[in-house]
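Asks: This one is target-v4.cif, mmCIF, C-alpha atoms.
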data_my_file
#
loop_
_atom_site.group_PDB
_atom_site.id
_atom_site.type_symbol
_atom_site.label_atom_id
_atom_site.label_comp_id
_atom_site.auth_asym_id
_atom_site.auth_seq_id
_atom_site.Cartn_x
_atom_site.Cartn_y
_atom_site.Cartn_z
ATOM 1 C CA MET A 1 148.060 111.957 112.073
ATOM 2 C CA THR A 2 147.888 108.401 113.315
ATOM 3 C CA ALA A 3 147.212 107.645 116.939
ATOM 4 C CA PRO A 4 148.626 104.514 118.590
ATOM 5 C CA GLN A 5 146.555 101.357 118.805
ATOM 6 C CA ALA A 6 145.086 100.446 122.160
ATOM 7 C CA ASP A 7 147.512 97.557 122.701
ATOM 8 C CA GLU A 8 150.597 99.455 121.530
ATOM 9 C CA PRO A 9 152.908 100.311 124.438
ATOM 10 C CA ILE A 10 153.515 104.011 124.910
ATOM 11 C CA LYS A 11 156.747 105.128 126.528
ATOM 12 C CA ALA A 12 157.778 108.343 128.222
ATOM 13 C CA PRO A 13 159.626 110.860 126.008
ATOM 14 C CA SER A 14 163.324 110.288 125.412
ATOM 15 C CA ALA A 15 166.039 111.623 127.697
ATOM 16 C CA LEU A 16 167.203 113.941 124.902
ATOM 17 C CA LEU A 17 163.798 115.598 124.646
ATOM 18 C CA ALA A 18 163.553 115.838 128.420
ATOM 19 C CA PHE A 19 167.014 117.378 128.897
ATOM 20 C CA THR A 20 166.456 119.986 126.181
ATOM 21 C CA GLU A 21 163.079 121.156 127.520
ATOM 22 C CA LEU A 22 164.349 124.327 129.195
ATOM 23 C CA PRO A 23 166.475 125.714 126.336
ATOM 24 C CA ARG A 24 163.735 124.949 123.842
ATOM 25 C CA ALA A 25 161.123 126.651 126.010
ATOM 26 C CA LEU A 26 163.356 129.723 126.331
ATOM 27 C CA ALA A 27 163.748 129.805 122.558
ATOM 28 C CA GLU A 28 159.976 129.690 122.119
ATOM 29 C CA PHE A 29 159.564 132.573 124.556
ATOM 30 C CA GLY A 30 162.240 134.499 122.677
ATOM 31 C CA SER A 31 160.393 133.999 119.395
ATOM 32 C CA LEU A 32 157.353 135.960 120.582
ATOM 33 C CA GLY A 33 158.835 139.234 119.377
ATOM 34 C CA LEU A 34 159.410 137.902 115.879
ATOM 35 C CA ALA A 35 155.924 136.422 115.806
ATOM 36 C CA ALA A 36 154.229 139.613 117.025
ATOM 37 C CA PRO A 37 153.050 140.738 113.536
ATOM 38 C CA ILE A 38 151.354 137.375 112.971
ATOM 39 C CA LEU A 39 149.857 137.225 116.460
ATOM 40 C CA ALA A 40 148.445 140.686 115.855
ATOM 41 C CA THR A 41 146.244 139.156 113.139
ATOM 42 C CA ALA A 42 144.682 136.643 115.552
ATOM 43 C CA PRO A 43 140.881 136.906 115.680
ATOM 44 C CA ARG A 44 139.522 139.230 118.340
ATOM 45 C CA GLY A 45 137.515 137.918 121.260
ATOM 46 C CA ASP A 46 133.906 138.532 122.193
ATOM 47 C CA GLY A 47 134.688 139.350 125.819
ATOM 48 C CA HIS A 48 133.545 136.059 127.332
ATOM 49 C CA PRO A 49 135.419 134.759 130.406
ATOM 50 C CA VAL A 50 138.365 132.389 130.034
ATOM 51 C CA MET A 51 139.997 130.620 132.969
ATOM 52 C CA VAL A 52 143.560 129.396 132.456
ATOM 53 C CA LEU A 53 144.731 126.420 134.531
ATOM 54 C CA PRO A 54 148.496 125.955 135.070
ATOM 55 C CA GLY A 55 150.455 122.724 134.784
ATOM 56 C CA PHE A 56 151.840 120.444 137.472
ATOM 57 C CA VAL A 57 153.823 122.276 140.225
ATOM 58 C CA THR A 58 153.405 125.624 138.446
ATOM 59 C CA SER A 59 151.227 128.563 139.416
ATOM 60 C CA ASP A 60 149.404 131.447 137.744
ATOM 61 C CA ARG A 61 152.775 133.083 137.075
ATOM 62 C CA SER A 62 153.426 130.444 134.394
ATOM 63 C CA THR A 63 150.285 131.418 132.481
ATOM 64 C CA ALA A 64 150.811 135.187 132.645
ATOM 65 C CA VAL A 65 151.918 135.518 129.001
ATOM 66 C CA LEU A 66 148.970 133.525 127.737
ATOM 67 C CA ARG A 67 146.470 135.412 129.871
ATOM 68 C CA ARG A 68 147.929 138.774 128.874
ATOM 69 C CA PHE A 69 147.657 137.772 125.218
ATOM 70 C CA LEU A 70 144.017 136.751 125.645
ATOM 71 C CA SER A 71 143.195 139.931 127.547
ATOM 72 C CA GLY A 72 144.720 141.915 124.694
ATOM 73 C CA LEU A 73 142.333 140.179 122.305
ATOM 74 C CA GLY A 74 139.378 141.274 124.380
ATOM 75 C CA TYR A 75 138.710 138.230 126.554
ATOM 76 C CA ASP A 76 137.989 138.378 130.260
ATOM 77 C CA ALA A 77 140.998 136.232 131.219
ATOM 78 C CA HIS A 78 141.098 134.788 134.730
ATOM 79 C CA GLU A 79 143.716 133.118 136.883
ATOM 80 C CA TRP A 80 142.765 129.877 138.531
ATOM 81 C CA GLY A 81 143.767 131.403 141.889
ATOM 82 C CA LEU A 82 144.546 128.133 143.667
ATOM 83 C CA GLY A 83 148.307 128.467 144.088
ATOM 84 C CA ARG A 84 150.645 125.816 142.783
ATOM 85 C CA ASN A 85 149.048 122.943 140.935
ATOM 86 C CA LEU A 86 149.723 120.060 143.283
ATOM 87 C CA GLY A 87 146.761 118.006 142.202
ATOM 88 C CA PRO A 88 144.178 117.372 144.920
ATOM 89 C CA LYS A 89 146.168 119.438 147.399
ATOM 90 C CA ALA A 90 145.286 122.484 145.283
ATOM 91 C CA ILE A 91 141.794 121.729 144.005
ATOM 92 C CA GLY A 92 140.430 119.556 146.836
ATOM 93 C CA TYR A 93 140.149 115.800 146.848
ATOM 94 C CA GLU A 94 136.801 115.990 145.073
ATOM 95 C CA GLY A 95 137.851 118.980 142.974
ATOM 96 C CA GLU A 96 135.499 121.133 145.023
ATOM 97 C CA LYS A 97 137.768 124.187 145.158
ATOM 98 C CA LEU A 98 138.139 124.260 141.389
ATOM 99 C CA VAL A 99 134.400 123.787 140.865
ATOM 100 C CA ALA A 100 133.775 126.686 143.239
ATOM 101 C CA ARG A 101 136.236 128.889 141.356
ATOM 102 C CA LEU A 102 134.508 128.125 138.044
ATOM 103 C CA ARG A 103 131.070 128.827 139.454
ATOM 104 C CA ASP A 104 132.248 132.113 140.956
ATOM 105 C CA ILE A 105 133.393 133.312 137.513
ATOM 106 C CA HIS A 106 130.264 131.981 135.830
ATOM 107 C CA GLU A 107 127.933 133.691 138.298
ATOM 108 C CA ALA A 108 129.876 136.962 138.344
ATOM 109 C CA THR A 109 129.903 137.288 134.551
ATOM 110 C CA GLY A 110 126.626 135.590 133.681
ATOM 111 C CA GLN A 111 128.430 133.781 130.875
ATOM 112 C CA LYS A 112 129.815 130.349 130.215
ATOM 113 C CA VAL A 113 133.552 130.077 130.846
ATOM 114 C CA SER A 114 136.085 128.690 128.369
ATOM 115 C CA LEU A 115 138.787 126.598 130.027
ATOM 116 C CA VAL A 116 142.392 126.534 128.815
ATOM 117 C CA GLY A 117 144.466 123.987 130.705
ATOM 118 C CA TRP A 118 148.189 123.368 130.396
ATOM 119 C CA SER A 119 149.408 119.812 131.065
ATOM 120 C CA LEU A 120 147.777 118.617 134.326
ATOM 121 C CA GLY A 121 145.629 121.740 134.162
ATOM 122 C CA GLY A 122 144.097 120.436 130.931
ATOM 123 C CA VAL A 123 143.271 117.097 132.525
ATOM 124 C CA MET A 124 141.538 119.015 135.319
ATOM 125 C CA ALA A 125 139.711 121.211 132.808
ATOM 126 C CA ARG A 126 138.211 118.165 131.108
ATOM 127 C CA GLN A 127 137.008 116.786 134.435
ATOM 128 C CA LEU A 128 135.715 120.202 135.462
ATOM 129 C CA SER A 129 133.586 120.345 132.309
ATOM 130 C CA ARG A 130 131.840 117.175 133.510
ATOM 131 C CA ARG A 131 131.280 118.506 137.011
ATOM 132 C CA ALA A 132 129.652 121.736 135.804
ATOM 133 C CA PRO A 133 128.856 121.477 132.070
ATOM 134 C CA ALA A 134 126.303 124.288 132.210
ATOM 135 C CA ALA A 135 129.081 126.705 133.196
ATOM 136 C CA VAL A 136 131.634 125.681 130.532
ATOM 137 C CA ARG A 137 131.743 126.936 126.944
ATOM 138 C CA GLN A 138 134.653 124.850 125.650
ATOM 139 C CA VAL A 139 137.875 123.153 126.743
ATOM 140 C CA ILE A 140 141.341 123.620 125.237
ATOM 141 C CA SER A 141 144.176 121.438 126.532
ATOM 142 C CA LEU A 142 147.883 122.089 126.004
ATOM 143 C CA GLY A 143 150.057 118.976 126.203
ATOM 144 C CA SER A 144 147.633 117.315 128.615
ATOM 145 C CA PRO A 145 148.016 113.526 129.127
ATOM 146 C CA PHE A 146 144.342 112.748 129.636
ATOM 147 C CA THR A 147 144.496 109.194 128.325
ATOM 148 C CA GLY A 148 146.859 106.217 128.379
ATOM 149 C CA THR A 149 149.127 105.184 131.223
ATOM 150 C CA PRO A 150 150.292 107.814 133.734
ATOM 151 C CA ARG A 151 153.755 106.235 133.599
ATOM 152 C CA ALA A 152 154.240 107.495 130.046
ATOM 153 C CA THR A 153 155.654 110.701 131.482
ATOM 154 C CA ASN A 154 158.971 111.753 132.948
ATOM 155 C CA VAL A 155 157.395 113.276 136.067
ATOM 156 C CA TRP A 156 155.120 110.556 137.436
ATOM 157 C CA ARG A 157 157.399 109.874 140.402
ATOM 158 C CA ALA A 158 157.477 113.586 141.229
ATOM 159 C CA TYR A 159 153.690 113.630 140.960
ATOM 160 C CA GLU A 160 153.369 110.859 143.521
ATOM 161 C CA MET A 161 155.828 112.501 145.892
ATOM 162 C CA LEU A 162 154.374 116.024 145.738
ATOM 163 C CA THR A 163 150.656 115.242 145.564
ATOM 164 C CA GLY A 164 150.543 112.252 147.893
ATOM 165 C CA GLN A 165 148.592 110.331 145.263
ATOM 166 C CA LYS A 166 149.787 106.978 143.936
ATOM 167 C CA ILE A 167 149.019 106.614 140.257
ATOM 168 C CA ASP A 168 147.961 102.994 140.797
ATOM 169 C CA ASP A 169 145.349 103.955 143.394
ATOM 170 C CA PRO A 170 141.816 102.948 142.349
ATOM 171 C CA ASP A 171 140.604 106.561 142.654
ATOM 172 C CA VAL A 172 143.361 107.815 140.352
ATOM 173 C CA ARG A 173 142.698 105.083 137.807
ATOM 174 C CA SER A 174 139.000 105.936 137.896
ATOM 175 C CA GLN A 175 139.795 109.595 137.293
ATOM 176 C CA MET A 176 142.021 108.695 134.345
ATOM 177 C CA ARG A 177 139.280 106.583 132.787
ATOM 178 C CA GLU A 178 136.890 109.479 133.195
ATOM 179 C CA SER A 179 139.397 111.949 131.750
ATOM 180 C CA ALA A 180 139.806 109.862 128.599
ATOM 181 C CA GLU A 181 136.098 110.132 127.821
ATOM 182 C CA LEU A 182 134.788 112.836 125.516
ATOM 183 C CA PRO A 183 133.957 116.056 127.378
ATOM 184 C CA PRO A 184 130.323 117.211 127.234
ATOM 185 C CA VAL A 185 131.449 120.458 125.565
ATOM 186 C CA PRO A 186 133.579 121.227 122.478
ATOM 187 C CA SER A 187 137.188 120.252 123.138
ATOM 188 C CA THR A 188 140.473 120.862 121.334
ATOM 189 C CA ALA A 189 143.795 119.219 122.192
ATOM 190 C CA ILE A 190 147.007 121.029 121.269
ATOM 191 C CA TYR A 191 150.125 118.881 121.480
ATOM 192 C CA SER A 192 153.707 118.473 120.277
ATOM 193 C CA ARG A 193 155.514 115.312 119.221
ATOM 194 C CA GLU A 194 158.685 116.929 120.586
ATOM 195 C CA ASP A 195 157.183 117.062 124.087
ATOM 196 C CA GLY A 196 159.897 116.043 126.542
ATOM 197 C CA VAL A 197 157.646 115.627 129.584
ATOM 198 C CA VAL A 198 154.612 113.593 128.544
ATOM 199 C CA ALA A 199 154.000 111.144 125.708
ATOM 200 C CA TRP A 200 152.243 113.079 122.964
ATOM 201 C CA GLN A 201 150.129 110.026 122.103
ATOM 202 C CA ASN A 202 148.320 110.461 125.428
ATOM 203 C CA CYS A 203 147.426 114.070 124.628
ATOM 204 C CA VAL A 204 145.266 113.390 121.564
ATOM 205 C CA GLU A 205 141.482 113.722 121.493
ATOM 206 C CA PRO A 206 139.440 110.717 120.360
ATOM 207 C CA ARG A 207 137.112 111.231 117.433
ATOM 208 C CA GLY A 208 133.915 113.038 118.289
ATOM 209 C CA PRO A 209 131.435 115.500 116.777
ATOM 210 C CA GLU A 210 133.028 118.407 118.659
ATOM 211 C CA THR A 211 136.665 117.408 119.167
ATOM 212 C CA ASP A 212 139.808 118.356 117.304
ATOM 213 C CA ASN A 213 143.587 118.014 117.583
ATOM 214 C CA ILE A 214 146.160 120.628 116.629
ATOM 215 C CA GLU A 215 149.804 119.626 116.411
ATOM 216 C CA VAL A 216 152.520 122.215 116.932
ATOM 217 C CA HIS A 217 156.301 122.041 117.079
ATOM 218 C CA GLY A 218 157.891 122.809 120.406
ATOM 219 C CA SER A 219 158.585 121.789 123.974
ATOM 220 C CA HIS A 220 156.164 120.940 126.775
ATOM 221 C CA CYS A 221 157.376 123.732 129.058
ATOM 222 C CA GLY A 222 157.074 126.273 126.259
ATOM 223 C CA LEU A 223 153.499 125.556 125.211
ATOM 224 C CA GLY A 224 152.151 128.583 127.046
ATOM 225 C CA VAL A 225 154.535 130.951 125.225
ATOM 226 C CA ASN A 226 154.709 129.202 121.857
ATOM 227 C CA PRO A 227 153.421 131.601 119.153
ATOM 228 C CA ALA A 228 151.748 128.778 117.219
ATOM 229 C CA VAL A 229 149.910 127.709 120.368
ATOM 230 C CA LEU A 230 148.812 131.253 121.191
ATOM 231 C CA TYR A 231 147.370 131.743 117.715
ATOM 232 C CA ALA A 232 145.582 128.375 117.785
ATOM 233 C CA VAL A 233 144.062 129.128 121.198
ATOM 234 C CA ALA A 234 142.845 132.496 119.935
ATOM 235 C CA ASP A 235 141.303 130.843 116.880
ATOM 236 C CA ARG A 236 139.435 128.308 119.017
ATOM 237 C CA LEU A 237 138.150 130.866 121.501
ATOM 238 C CA ALA A 238 136.896 133.188 118.764
ATOM 239 C CA GLN A 239 134.197 130.782 117.614
ATOM 240 C CA ALA A 240 130.661 131.853 118.377
ATOM 241 C CA GLU A 241 128.964 129.909 121.132
ATOM 242 C CA GLY A 242 127.011 127.028 119.631
ATOM 243 C CA ALA A 243 128.853 127.317 116.296
ATOM 244 C CA TRP A 244 131.974 125.252 117.012
ATOM 245 C CA ARG A 245 133.926 123.976 114.008
ATOM 246 C CA PRO A 246 137.252 122.138 113.635
ATOM 247 C CA PHE A 247 140.394 124.184 113.132
ATOM 248 C CA GLU A 248 140.682 125.316 109.517
ATOM 249 C CA ARG A 249 144.035 124.545 107.959
ATOM 250 C CA SER A 250 144.380 126.597 104.805
ATOM 251 C CA GLY A 251 146.861 129.073 103.390
ATOM 252 C CA LEU A 252 149.731 129.885 105.746
ATOM 253 C CA LYS A 253 148.078 127.902 108.540
ATOM 254 C CA ALA A 254 148.463 124.729 106.468
ATOM 255 C CA LEU A 255 152.238 125.178 106.721
ATOM 256 C CA VAL A 256 152.282 125.902 110.450
ATOM 257 C CA TYR A 257 149.661 123.306 111.396
ATOM 258 C CA PRO A 258 150.078 120.513 108.819
ATOM 259 C CA PHE A 259 148.625 117.695 110.907
ATOM 260 C CA ALA A 260 144.888 117.489 111.253
ATOM 261 C CA GLY A 261 142.240 115.366 112.694
ATOM 262 C CA HIS A 262 141.723 112.441 114.935
ATOM 263 C CA ALA A 263 142.601 108.854 115.555
#
Can the structure from this file be put into structure tokens for me?
Replies:
Amino acid sequence: MTAPQADEPIKAPSALLAFTELPRALAEFGSLGLAAPILATAPRGDGHPVMVLPGFVTSDRSTAVLRRFLSGLGYDAHEWGLGRNLGPKAIGYEGEKLVARLRDIHEATGQKVSLVGWSLGGVMARQLSRRAPAAVRQVISLGSPFTGTPRATNVWRAYEMLTGQKIDDPDVRSQMRESAELPPVPSTAIYSREDGVVAWQNCVEPRGPETDNIEVHGSHCGLGVNPAVLYAVADRLAQAEGAWRPFERSGLKALVYPFAGHA
């Protein structure tokens, strides 16, 4: 997998990919039944807490399938509990509400919390891991544009309108620069080149001792119900604390996840 060069312009996904997002997402949801025998072989969890952060303008309802799947594997899956993800309107302008939510889970369980963030939720998860690294076990992002230009997405105008934040504001640019840096905890980016909402090139982890990228086939809106994503998330979460390793692509997994590695 080859990432774009720093000076290579990155554009928003094509209109075709954008317009077919909904039917593709519905097809991914419909494939869960067929994939059930494979998902049943996913590694079991150790019971540690996992907080799932929804994407832009969505709420905890959008992550219900993913959380139910993780609970079935034995994890202590948590909602983010902050309503619709409208950026700072939901988490506070300094992210204080989200930090408080994380610390509540951490203190109640006595364990580090794994963060799974979808789209904007993944960007927030990376920043949250910097605000409270002692409370975070690992970060997994699903189609999260944590690097590159915010205009390489088909929803940046909606973001400005609904959040009240201009993407050219100095504070937003500073946050984006911070988001592109390596998290202080193990981090895995799951992305799709067929993403019709955000440019996949902006969803790829830079090389680091505890970073990895997993490419799947599918839509942006279907990432939380995509069987390949669910299995990959389960695989990442099942690693023992302090024993993180890159995703192993062998056997059948080599066919489903053929693209490995970093920039």
Asks: Running the PyMOL selection byres ((chain A and resi 143) around 9) on this model by hand, what would come out? Give it as number ranges by chain.
Replies: A: 117-120, 122, 141-142, 144-145, 189-192, 195, 197-200, 202-204, 220, 223
Asks: Only C-alpha atoms, please: the residues just picked out, written as a compact mmCIF listing (two decimals), in the coordinates of the input.
Replies:
# COMPACT_ATOMS: atom_id res chain seq x y z
CA GLY A 117 144.47 123.99 130.71
CA TRP A 118 148.19 123.37 130.40
CA SER A 119 149.41 119.81 131.06
CA LEU A 120 147.78 118.62 134.33
CA GLY A 122 144.10 120.44 130.93
CA SER A 141 144.18 121.44 126.53
CA LEU A 142 147.88 122.09 126.00
CA SER A 144 147.63 117.32 128.62
CA PRO A 145 148.02 113.53 129.13
CA ALA A 189 143.79 119.22 122.19
CA ILE A 190 147.01 121.03 121.27
CA TYR A 191 150.12 118.88 121.48
CA SER A 192 153.71 118.47 120.28
CA ASP A 195 157.18 117.06 124.09
CA VAL A 197 157.65 115.63 129.58
CA VAL A 198 154.61 113.59 128.54
CA ALA A 199 154.00 111.14 125.71
CA TRP A 200 152.24 113.08 122.96
CA ASN A 202 148.32 110.46 125.43
CA CYS A 203 147.43 114.07 124.63
CA VAL A 204 145.27 113.39 121.56
CA HIS A 220 156.16 120.94 126.78
CA LEU A 223 153.50 125.56 125.21
Asks: Quick check, in Å to one decimal: how far apart do CA of Val155 in chain A and CA of Gly87 in chain A lie?
Replies: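 Going from CA of Val155 in chain A over to CA of Gly87 in chain A covers 13.2 Å.
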Asks: Which one of A:Gly218, A:Pro54, A:Pro37, A:Pro23 sits closest to Val116 in chain A if you count all atoms listed in the file?
Replies: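 With all atoms listed in the file as the atom set, the closest residue is A:Pro54.
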Asks: How many Å lie between CA of Leu16 in chain A and CA of Asp212 in chain A, rounded to one decimal?
Replies: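 Taking CA of Leu16 in chain A as the start and CA of Asp212 in chain A as the end point, the length is 28.8 Å.
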Asks: Hey, which of A:Gly83, A:Phe29, A:Ala12, A:Val57 ends up closest to Met161 in chain A? Count only C-alpha atoms.
Replies: A:Val57
Asks: Under the rule that all atoms listed in the file are counted, which of A:Leu53, A:Leu32, A:Val185, A:Ile105 is the nearest residue to Pro133 in chain A?
Replies: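 That would be A:Val185, the residue with the smallest distance to Pro133 in chain A.
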Asks: Which residue gives the smallest distance to Pro227 in chain A among A:Gly148, A:Val256, A:Leu115, A:Gly95, with only C-alpha atoms counted?
Replies: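 Distance minimum relative to Pro227 in chain A lands on A:Val256.
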Asks: Taking the file as shown, what set of residues would the PyMOL selection byres ((chain A and resi 205) around 10) give back, as a PDB file with C-alpha atoms, in the frame of the given file?
Replies:
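Contents of the output file out-v4.pdb:
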ATOM      1  CA  ALA A   3     147.212 107.645 116.939  1.00  0.00           C
ATOM      2  CA  SER A 141     144.176 121.438 126.532  1.00  0.00           C
ATOM      3  CA  PHE A 146     144.342 112.748 129.636  1.00  0.00           C
ATOM      4  CA  THR A 147     144.496 109.194 128.325  1.00  0.00           C
ATOM      5  CA  ALA A 180     139.806 109.862 128.599  1.00  0.00           C
ATOM      6  CA  GLU A 181     136.098 110.132 127.821  1.00  0.00           C
ATOM      7  CA  LEU A 182     134.788 112.836 125.516  1.00  0.00           C
ATOM      8  CA  PRO A 183     133.957 116.056 127.378  1.00  0.00           C
ATOM      9  CA  SER A 187     137.188 120.252 123.138  1.00  0.00           C
ATOM     10  CA  THR A 188     140.473 120.862 121.334  1.00  0.00           C
ATOM     11  CA  ALA A 189     143.795 119.219 122.192  1.00  0.00           C
ATOM     12  CA  ILE A 190     147.007 121.029 121.269  1.00  0.00           C
ATOM     13  CA  GLN A 201     150.129 110.026 122.103  1.00  0.00           C
ATOM     14  CA  ASN A 202     148.320 110.461 125.428  1.00  0.00           C
ATOM     15  CA  CYS A 203     147.426 114.070 124.628  1.00  0.00           C
ATOM     16  CA  VAL A 204     145.266 113.390 121.564  1.00  0.00           C
ATOM     17  CA  PRO A 206     139.440 110.717 120.360  1.00  0.00           C
ATOM     18  CA  ARG A 207     137.112 111.231 117.433  1.00  0.00           C
ATOM     19  CA  GLY A 208     133.915 113.038 118.289  1.00  0.00           C
ATOM     20  CA  THR A 211     136.665 117.408 119.167  1.00  0.00           C
ATOM     21  CA  ASP A 212     139.808 118.356 117.304  1.00  0.00           C
ATOM     22  CA  ASN A 213     143.587 118.014 117.583  1.00  0.00           C
ATOM     23  CA  ILE A 214     146.160 120.628 116.629  1.00  0.00           C
ATOM     24  CA  GLY A 261     142.240 115.366 112.694  1.00  0.00           C
ATOM     25  CA  HIS A 262     141.723 112.441 114.935  1.00  0.00           C
ATOM     26  CA  ALA A 263     142.601 108.854 115.555  1.00  0.00           C
TER      27      ALA A 263
END
Asks: Pop range 66-83 of chain A out of the structure in the block and write N, CA, C and O atoms as a PDB file, in the first residue's frame.
Replies:
ATOM      1  N   LEU A  66     -21.961  -2.606  16.366  1.00  0.00           N
ATOM      2  CA  LEU A  66     -20.565  -2.819  16.748  1.00  0.00           C
ATOM      3  C   LEU A  66     -20.442  -3.075  18.246  1.00  0.00           C
ATOM      4  O   LEU A  66     -19.748  -4.009  18.684  1.00  0.00           O
ATOM      5  N   ARG A  67     -21.143  -2.291  19.045  1.00  0.00           N
ATOM      6  CA  ARG A  67     -21.057  -2.483  20.492  1.00  0.00           C
ATOM      7  C   ARG A  67     -21.668  -3.818  20.922  1.00  0.00           C
ATOM      8  O   ARG A  67     -21.140  -4.489  21.820  1.00  0.00           O
ATOM      9  N   ARG A  68     -22.762  -4.193  20.277  1.00  0.00           N
ATOM     10  CA  ARG A  68     -23.382  -5.485  20.608  1.00  0.00           C
ATOM     11  C   ARG A  68     -22.432  -6.631  20.246  1.00  0.00           C
ATOM     12  O   ARG A  68     -22.328  -7.625  20.995  1.00  0.00           O
ATOM     13  N   PHE A  69     -21.757  -6.511  19.135  1.00  0.00           N
ATOM     14  CA  PHE A  69     -20.788  -7.527  18.724  1.00  0.00           C
ATOM     15  C   PHE A  69     -19.662  -7.634  19.749  1.00  0.00           C
ATOM     16  O   PHE A  69     -19.283  -8.743  20.161  1.00  0.00           O
ATOM     17  N   LEU A  70     -19.140  -6.491  20.185  1.00  0.00           N
ATOM     18  CA  LEU A  70     -18.045  -6.503  21.152  1.00  0.00           C
ATOM     19  C   LEU A  70     -18.499  -7.036  22.506  1.00  0.00           C
ATOM     20  O   LEU A  70     -17.765  -7.777  23.167  1.00  0.00           O
ATOM     21  N   SER A  71     -19.711  -6.681  22.906  1.00  0.00           N
ATOM     22  CA  SER A  71     -20.241  -7.215  24.164  1.00  0.00           C
ATOM     23  C   SER A  71     -20.368  -8.730  24.089  1.00  0.00           C
ATOM     24  O   SER A  71     -20.081  -9.440  25.064  1.00  0.00           O
ATOM     25  N   GLY A  72     -20.779  -9.236  22.926  1.00  0.00           N
ATOM     26  CA  GLY A  72     -20.899 -10.672  22.743  1.00  0.00           C
ATOM     27  C   GLY A  72     -19.574 -11.399  22.822  1.00  0.00           C
ATOM     28  O   GLY A  72     -19.531 -12.600  23.139  1.00  0.00           O
ATOM     29  N   LEU A  73     -18.486 -10.677  22.553  1.00  0.00           N
ATOM     30  CA  LEU A  73     -17.150 -11.268  22.647  1.00  0.00           C
ATOM     31  C   LEU A  73     -16.578 -11.172  24.056  1.00  0.00           C
ATOM     32  O   LEU A  73     -15.488 -11.687  24.321  1.00  0.00           O
ATOM     33  N   GLY A  74     -17.319 -10.509  24.939  1.00  0.00           N
ATOM     34  CA  GLY A  74     -16.873 -10.443  26.318  1.00  0.00           C
ATOM     35  C   GLY A  74     -16.320  -9.109  26.764  1.00  0.00           C
ATOM     36  O   GLY A  74     -15.869  -8.979  27.910  1.00  0.00           O
ATOM     37  N   TYR A  75     -16.342  -8.106  25.886  1.00  0.00           N
ATOM     38  CA  TYR A  75     -15.842  -6.786  26.276  1.00  0.00           C
ATOM     39  C   TYR A  75     -16.905  -6.002  27.034  1.00  0.00           C
ATOM     40  O   TYR A  75     -18.109  -6.246  26.897  1.00  0.00           O
ATOM     41  N   ASP A  76     -16.451  -5.052  27.804  1.00  0.00           N
ATOM     42  CA  ASP A  76     -17.333  -4.128  28.510  1.00  0.00           C
ATOM     43  C   ASP A  76     -17.516  -2.913  27.600  1.00  0.00           C
ATOM     44  O   ASP A  76     -16.812  -1.905  27.732  1.00  0.00           O
ATOM     45  N   ALA A  77     -18.435  -3.022  26.648  1.00  0.00           N
ATOM     46  CA  ALA A  77     -18.602  -1.998  25.607  1.00  0.00           C
ATOM     47  C   ALA A  77     -19.458  -0.840  26.117  1.00  0.00           C
ATOM     48  O   ALA A  77     -20.531  -1.057  26.692  1.00  0.00           O
ATOM     49  N   HIS A  78     -18.982   0.376  25.867  1.00  0.00           N
ATOM     50  CA  HIS A  78     -19.647   1.576  26.355  1.00  0.00           C
ATOM     51  C   HIS A  78     -20.026   2.515  25.210  1.00  0.00           C
ATOM     52  O   HIS A  78     -19.281   2.667  24.238  1.00  0.00           O
ATOM     53  N   GLU A  79     -21.167   3.161  25.370  1.00  0.00           N
ATOM     54  CA  GLU A  79     -21.531   4.277  24.503  1.00  0.00           C
ATOM     55  C   GLU A  79     -20.647   5.469  24.851  1.00  0.00           C
ATOM     56  O   GLU A  79     -20.054   5.516  25.933  1.00  0.00           O
ATOM     57  N   TRP A  80     -20.635   6.458  23.950  1.00  0.00           N
ATOM     58  CA  TRP A  80     -19.937   7.677  24.348  1.00  0.00           C
ATOM     59  C   TRP A  80     -20.861   8.583  25.157  1.00  0.00           C
ATOM     60  O   TRP A  80     -20.408   9.387  25.944  1.00  0.00           O
ATOM     61  N   GLY A  81     -22.187   8.465  24.955  1.00  0.00           N
ATOM     62  CA  GLY A  81     -23.151   9.142  25.807  1.00  0.00           C
ATOM     63  C   GLY A  81     -23.202  10.649  25.688  1.00  0.00           C
ATOM     64  O   GLY A  81     -23.694  11.319  26.606  1.00  0.00           O
ATOM     65  N   LEU A  82     -22.775  11.193  24.558  1.00  0.00           N
ATOM     66  CA  LEU A  82     -22.745  12.648  24.392  1.00  0.00           C
ATOM     67  C   LEU A  82     -23.664  13.123  23.270  1.00  0.00           C
ATOM     68  O   LEU A  82     -23.476  14.209  22.719  1.00  0.00           O
ATOM     69  N   GLY A  83     -24.668  12.317  22.938  1.00  0.00           N
ATOM     70  CA  GLY A  83     -25.616  12.713  21.904  1.00  0.00           C
ATOM     71  C   GLY A  83     -25.032  12.627  20.510  1.00  0.00           C
ATOM     72  O   GLY A  83     -24.156  11.808  20.236  1.00  0.00           O
TER      73      GLY A  83
END
